[in-house]
Each structure stands twice: as structure tokens, then as C-alpha cells.
Amino acid sequence: MDEKVIITIDGPAASGKGSLSKVLAQDLNLYYLETGIFYRIFAKEMLGQDHNVKQLSQVISKLKKEKIDKKLRNIENFYTNEISELASNLAKKAIVRKFVAKIQKQYLKTFPSQYRGVILEGRDCGTVIAPNADIKIFLTADLYVRAKRRFEQLNKKSKKISLESVMNDLSIRDSRDTERKLSPLKKAEDAFLLDNTEYSFLETINIVKNIIFSKIPTLKINI
Ligand code: C5P
């Protein structure tokens with residue numbers, strides 16, 4: 001197979017797109033590109049600062065790809081509530097989206113050649129970052145089910161947080177992501193819609209693999 005494959009998985013927070021993409025990347029030898037992390041990195045740089053154009057431009061001018069490469073090696077600390085909240089707020093701003101999209105496209109173009117392609121996940125991968133992707137999936141689930149999954153994840157890490165508050169946070173982020181003017185979260189016209197409310201993680205993986213293999217049978221062959 002000469003051509004590199006591009007697969008996008010978009011969907012709301014806690015729909016399982018990150019975990020799904022990691023498994024697919026591993027099993028199909030694809031480069032995994034988590035697009036939300038770039039908004040998180042940006043948000044961490046902005047913590048405690050005003051969000052006016054001057055401050056935003058200053059952070060943009062300092063955040064070169066080499067610096068981002070370094071931060072990507074240790075991403076543990078980018079998943080706090082504070083950063084999630086700030087990232088989704090900053091993601092509404094044109095100046096931030098323009099900068100982050102440019103970086104994401106750079107990673108999309110320059111992933112290591114040993115991979116058979118790239119799988120990218122986020123909110124606007126199929127609509128804006130890789131509109132020509134070979135396969136697009138829009139993964140979603142009921143708010144309650146997503147909140148429960150996230151709640152269980154957080155509890156494993158012994159974070160003291162109630163199910164109600166997780167649900168509330170997700171609901172606010174959902175509205176912000178779908179209602180913003182720029183690159184809102186939405187299903188690309190040519191994306192497969194998969195609502196996994198009733199499916200286990202394993203079932204979701206199998207459904208998506210079947211979609212992928214029906215379109216690109218060569219990906220079935222291990223290399
Ligand atoms: O996916 P994750 O929850 O890490 O993304 C953090 C925030 O970044 C999201 O709430 C969303 O507002 C923003 N984001 C985006 N476009 C993407 C990925 C993430 O606007 N492609």
C-alpha cells in the first residue's frame with residue numbers, strides 16, 4: 001500500500017474517541033494525532049493571564065513547534081478541569097483556532113513514515129483539519145452515559161468529584177463546542193455516525209474496524 005491513509009474521529013467530550021483512536025492506531029499501525037491536546041497546551045500557557053489579543057499573540061509567538069514537541073512528551077498534567085474549561089473557552093477564538101489548526105496540519109503532514117497513515121481525533125478533524133480524509137467517523141453517546149464513563153475513569157484515579165458535576169461540566173463543554181461560530185463540533189456530511197450509548201468499548205472498536213476494512217481492505221493485512 002503506497003498511499004497513506006487518513007482517518008478522522010470526531011465527537012463530543014467523553015464519547016470514547018481518544019481510547020478508540022489509540023487502539024486503532026496500535027492495531028493498524030497508524031500515527032495517533034490527538035488534536036485537543038494542542039488547545040490544552042495553549043490553555044496551560046494562558047493560565048492566569050488576560051485573554052486579550054495582545055496576550056494571546058504573545059503566547060502564539062513563543063509557542064514554536066519544537067516547544068510543543070517537548071510538551072507532547074509529557075502530557076499527564078494537561079487534563080485538569082481547569083485546563084479543560086479554559087481550552088474549550090479559548091477554542092472559540094479565531095486567533096487561537098488559526099494558530100492551532102496550522103500546527104495540527106503540520107503534524108498531519110510530517111508524521112513518521114513508518115506508519116501506514118494517521119488517525120486524528122477531535123471536534124473539527126473531518127470538517128476542517130482533514131476534510132479529504134479517507135474515512136470519517138462521528139462518535140457520540142448520550143450525555144448521561146458519557147458522564148458515567150468519565151466519572152468512573154476519574155474515580156479510578158481517586159478524584160473526588162460527583163457524577164452530577166461531571167455531567168454538568170460535559171454539558172457546558174458540549175454547548176460551547178457545538179454552538180461556537182468557528183469550526184463547531186458537527187458531523188461532516190460524509191462521516192459515519194456511530195452512537196455508542198448501547199455498545200461496549202469492544203463492540204465500538206469492532207464496528208469501526210468493520211467500517212474501515214470495508215473501505216480499505218488492505219489495512220486488514222498486518223505489516
Ligand atoms: O478533546 P479534548 O477534550 O482534549 O479537547 C479540549 C477542548 O479543545 C475541547 O473542549 C474543544 O473545545 C477544543 N477542541 C476543538 N477542536 C478540536 C479538538 C479540541 O475545538 N479538534
# chains A, B, ... in the order shown; residues from 1 in each chain; ligands from 1
$ closest_atom_pairs --of "chain A" --to "ligand 1" --cutoff "7 Å" --atoms "only C-alpha atoms and all ligand atoms" --output "JSON lines"
{"residue": "A:Ala13", "atom": "CA", "partner": "ligand 1", "partner_atom_place_in_ligand_line": "3 (O)", "distance": 5.2}
{"residue": "A:Thr35", "atom": "CA", "partner": "ligand 1", "partner_atom_place_in_ligand_line": "18 (C)", "distance": 4.8}
{"residue": "A:Gly36", "atom": "CA", "partner": "ligand 1", "partner_atom_place_in_ligand_line": "19 (C)", "distance": 3.5}
{"residue": "A:Ile37", "atom": "CA", "partner": "ligand 1", "partner_atom_place_in_ligand_line": "4 (O)", "distance": 5.3}
{"residue": "A:Tyr39", "atom": "CA", "partner": "ligand 1", "partner_atom_place_in_ligand_line": "8 (O)", "distance": 5.0}
{"residue": "A:Arg40", "atom": "CA", "partner": "ligand 1", "partner_atom_place_in_ligand_line": "6 (C)", "distance": 6.0}
{"residue": "A:Ser84", "atom": "CA", "partner": "ligand 1", "partner_atom_place_in_ligand_line": "6 (C)", "distance": 5.6}
{"residue": "A:Ala87", "atom": "CA", "partner": "ligand 1", "partner_atom_place_in_ligand_line": "7 (C)", "distance": 4.9}
{"residue": "A:Ser88", "atom": "CA", "partner": "ligand 1", "partner_atom_place_in_ligand_line": "12 (O)", "distance": 3.2}
{"residue": "A:Asn89", "atom": "CA", "partner": "ligand 1", "partner_atom_place_in_ligand_line": "12 (O)", "distance": 6.6}
{"residue": "A:Ala91", "atom": "CA", "partner": "ligand 1", "partner_atom_place_in_ligand_line": "20 (O)", "distance": 4.9}
{"residue": "A:Glu121", "atom": "CA", "partner": "ligand 1", "partner_atom_place_in_ligand_line": "21 (N)", "distance": 6.8}
{"residue": "A:Gly122", "atom": "CA", "partner": "ligand 1", "partner_atom_place_in_ligand_line": "21 (N)", "distance": 3.8}
{"residue": "A:Arg123", "atom": "CA", "partner": "ligand 1", "partner_atom_place_in_ligand_line": "21 (N)", "distance": 4.0}
{"residue": "A:Asp124", "atom": "CA", "partner": "ligand 1", "partner_atom_place_in_ligand_line": "21 (N)", "distance": 4.6}
{"residue": "A:Cys125", "atom": "CA", "partner": "ligand 1", "partner_atom_place_in_ligand_line": "21 (N)", "distance": 5.6}
{"residue": "A:Arg173", "atom": "CA", "partner": "ligand 1", "partner_atom_place_in_ligand_line": "10 (O)", "distance": 5.7}
{"residue": "A:Asp177", "atom": "CA", "partner": "ligand 1", "partner_atom_place_in_ligand_line": "12 (O)", "distance": 5.2}
$ residues_around --residues "stretch 206-222 of chain A" --least-positions-apart "2" --cutoff "9 Å" --atoms "only C-alpha atoms" --output "VMD selection string"
chain A and resid 1 5 7 20 24 27 to 29 116 134 to 135 137 192 194 201 to 204
$ atom_distance --atom1 "atom CA of A:Ser162" --atom2 "atom CA of A:Arg150"
10.7 Å
$ select_by_dssp --residues "stretch 77-202 of chain A" --states "strand (DSSP E)" --output "ChimeraX atom specification"
/A:117-122,135-140,192-195
$ write_last_selection --atoms "N, CA, C and O atoms" --output "short mmCIF file (atom, residue, chain, number, x, y, z; two decimals), in the first residue's frame"
data_model
loop_
_atom_site.label_atom_id
_atom_site.label_comp_id
_atom_site.auth_asym_id
_atom_site.auth_seq_id
_atom_site.Cartn_x
_atom_site.Cartn_y
_atom_site.Cartn_z
N GLY A 117 -0.44 5.47 7.97
CA GLY A 117 -1.32 6.62 7.84
C GLY A 117 -1.49 7.27 9.18
O GLY A 117 -0.70 7.04 10.09
N VAL A 118 -2.54 8.06 9.30
CA VAL A 118 -2.75 8.79 10.54
C VAL A 118 -4.21 8.70 10.96
O VAL A 118 -5.11 8.65 10.10
N ILE A 119 -4.42 8.63 12.26
CA ILE A 119 -5.79 8.71 12.76
C ILE A 119 -5.85 9.94 13.66
O ILE A 119 -5.04 10.08 14.58
N LEU A 120 -6.72 10.87 13.32
CA LEU A 120 -6.78 12.06 14.14
C LEU A 120 -8.16 12.20 14.76
O LEU A 120 -9.16 11.86 14.12
N GLU A 121 -8.18 12.63 16.01
CA GLU A 121 -9.47 12.75 16.70
C GLU A 121 -9.63 14.12 17.34
O GLU A 121 -8.65 14.73 17.74
N GLY A 122 -10.89 14.59 17.38
CA GLY A 122 -11.16 15.89 17.97
C GLY A 122 -12.58 16.34 17.70
O GLY A 122 -13.54 15.57 17.85
N ILE A 135 -11.63 8.09 5.59
CA ILE A 135 -12.76 7.60 6.39
C ILE A 135 -13.00 8.58 7.53
O ILE A 135 -12.05 9.01 8.20
N LYS A 136 -14.27 8.92 7.72
CA LYS A 136 -14.62 9.83 8.81
C LYS A 136 -15.68 9.16 9.69
O LYS A 136 -16.66 8.63 9.17
N ILE A 137 -15.44 9.24 10.99
CA ILE A 137 -16.41 8.69 11.94
C ILE A 137 -16.84 9.82 12.85
O ILE A 137 -15.99 10.61 13.30
N PHE A 138 -18.12 9.89 13.13
CA PHE A 138 -18.61 10.83 14.16
C PHE A 138 -19.13 9.96 15.29
O PHE A 138 -20.13 9.27 15.16
N LEU A 139 -18.41 9.98 16.41
CA LEU A 139 -18.72 9.11 17.54
C LEU A 139 -19.42 9.90 18.63
O LEU A 139 -18.93 10.93 19.07
N THR A 140 -20.56 9.38 19.06
CA THR A 140 -21.27 10.10 20.12
C THR A 140 -21.96 9.11 21.06
O THR A 140 -21.94 7.89 20.82
N PHE A 192 -19.48 8.67 8.99
CA PHE A 192 -20.38 7.64 9.52
C PHE A 192 -20.77 8.08 10.93
O PHE A 192 -19.88 8.42 11.72
N LEU A 193 -22.04 8.06 11.22
CA LEU A 193 -22.49 8.41 12.57
C LEU A 193 -22.57 7.15 13.42
O LEU A 193 -23.23 6.18 13.03
N LEU A 194 -21.86 7.13 14.53
CA LEU A 194 -21.93 5.98 15.42
C LEU A 194 -22.27 6.45 16.82
O LEU A 194 -21.47 7.12 17.49
N ASP A 195 -23.48 6.09 17.26
CA ASP A 195 -23.90 6.41 18.62
C ASP A 195 -23.63 5.16 19.46
O ASP A 195 -24.28 4.13 19.27
#
$ residues_around --residues "stretch 52-66 of chain A" --least-positions-apart "3" --cutoff "12 Å" --atoms "only C-alpha atoms" --output "ChimeraX atom specification"
/A:38-39,41-49,69-73,90-91,93-100,102-107,110
$ write_last_selection --atoms "C-alpha atoms" --output "mmCIF file, in the first residue's frame"
data_model
loop_
_atom_site.group_PDB
_atom_site.id
_atom_site.type_symbol
_atom_site.label_atom_id
_atom_site.label_comp_id
_atom_site.auth_asym_id
_atom_site.auth_seq_id
_atom_site.Cartn_x
_atom_site.Cartn_y
_atom_site.Cartn_z
ATOM 1 C CA PHE A 38 -2.894 21.444 21.260
ATOM 2 C CA TYR A 39 -5.756 23.507 22.733
ATOM 3 C CA ILE A 41 -1.135 23.089 25.717
ATOM 4 C CA PHE A 42 -2.200 26.551 24.629
ATOM 5 C CA ALA A 43 -4.576 26.874 27.593
ATOM 6 C CA LYS A 44 -1.841 25.924 30.078
ATOM 7 C CA GLU A 45 0.366 28.694 28.692
ATOM 8 C CA MET A 46 -2.523 31.137 29.166
ATOM 9 C CA LEU A 47 -3.370 30.196 32.776
ATOM 10 C CA GLY A 48 -3.579 33.266 34.961
ATOM 11 C CA GLN A 49 -3.285 35.690 32.039
ATOM 12 C CA ASP A 69 7.105 18.659 20.603
ATOM 13 C CA LYS A 70 8.737 18.760 24.034
ATOM 14 C CA LYS A 71 5.451 19.294 25.849
ATOM 15 C CA LEU A 72 3.882 16.382 23.972
ATOM 16 C CA ARG A 73 6.392 14.028 25.616
ATOM 17 C CA LEU A 90 -10.056 29.620 24.087
ATOM 18 C CA ALA A 91 -11.066 27.284 21.243
ATOM 19 C CA LYS A 93 -11.338 32.459 19.441
ATOM 20 C CA ALA A 94 -10.350 32.912 15.803
ATOM 21 C CA ILE A 95 -6.722 33.793 16.559
ATOM 22 C CA VAL A 96 -6.317 30.627 18.658
ATOM 23 C CA ARG A 97 -8.035 28.314 16.169
ATOM 24 C CA LYS A 98 -5.973 29.673 13.292
ATOM 25 C CA PHE A 99 -2.730 29.058 15.184
ATOM 26 C CA VAL A 100 -3.707 25.608 16.481
ATOM 27 C CA LYS A 102 -1.766 25.422 11.458
ATOM 28 C CA ILE A 103 0.198 23.347 13.982
ATOM 29 C CA GLN A 104 -2.198 20.392 13.660
ATOM 30 C CA LYS A 105 -1.840 20.426 9.867
ATOM 31 C CA GLN A 106 1.948 20.491 10.254
ATOM 32 C CA TYR A 107 1.794 17.316 12.370
ATOM 33 C CA THR A 110 5.041 15.322 8.845
#
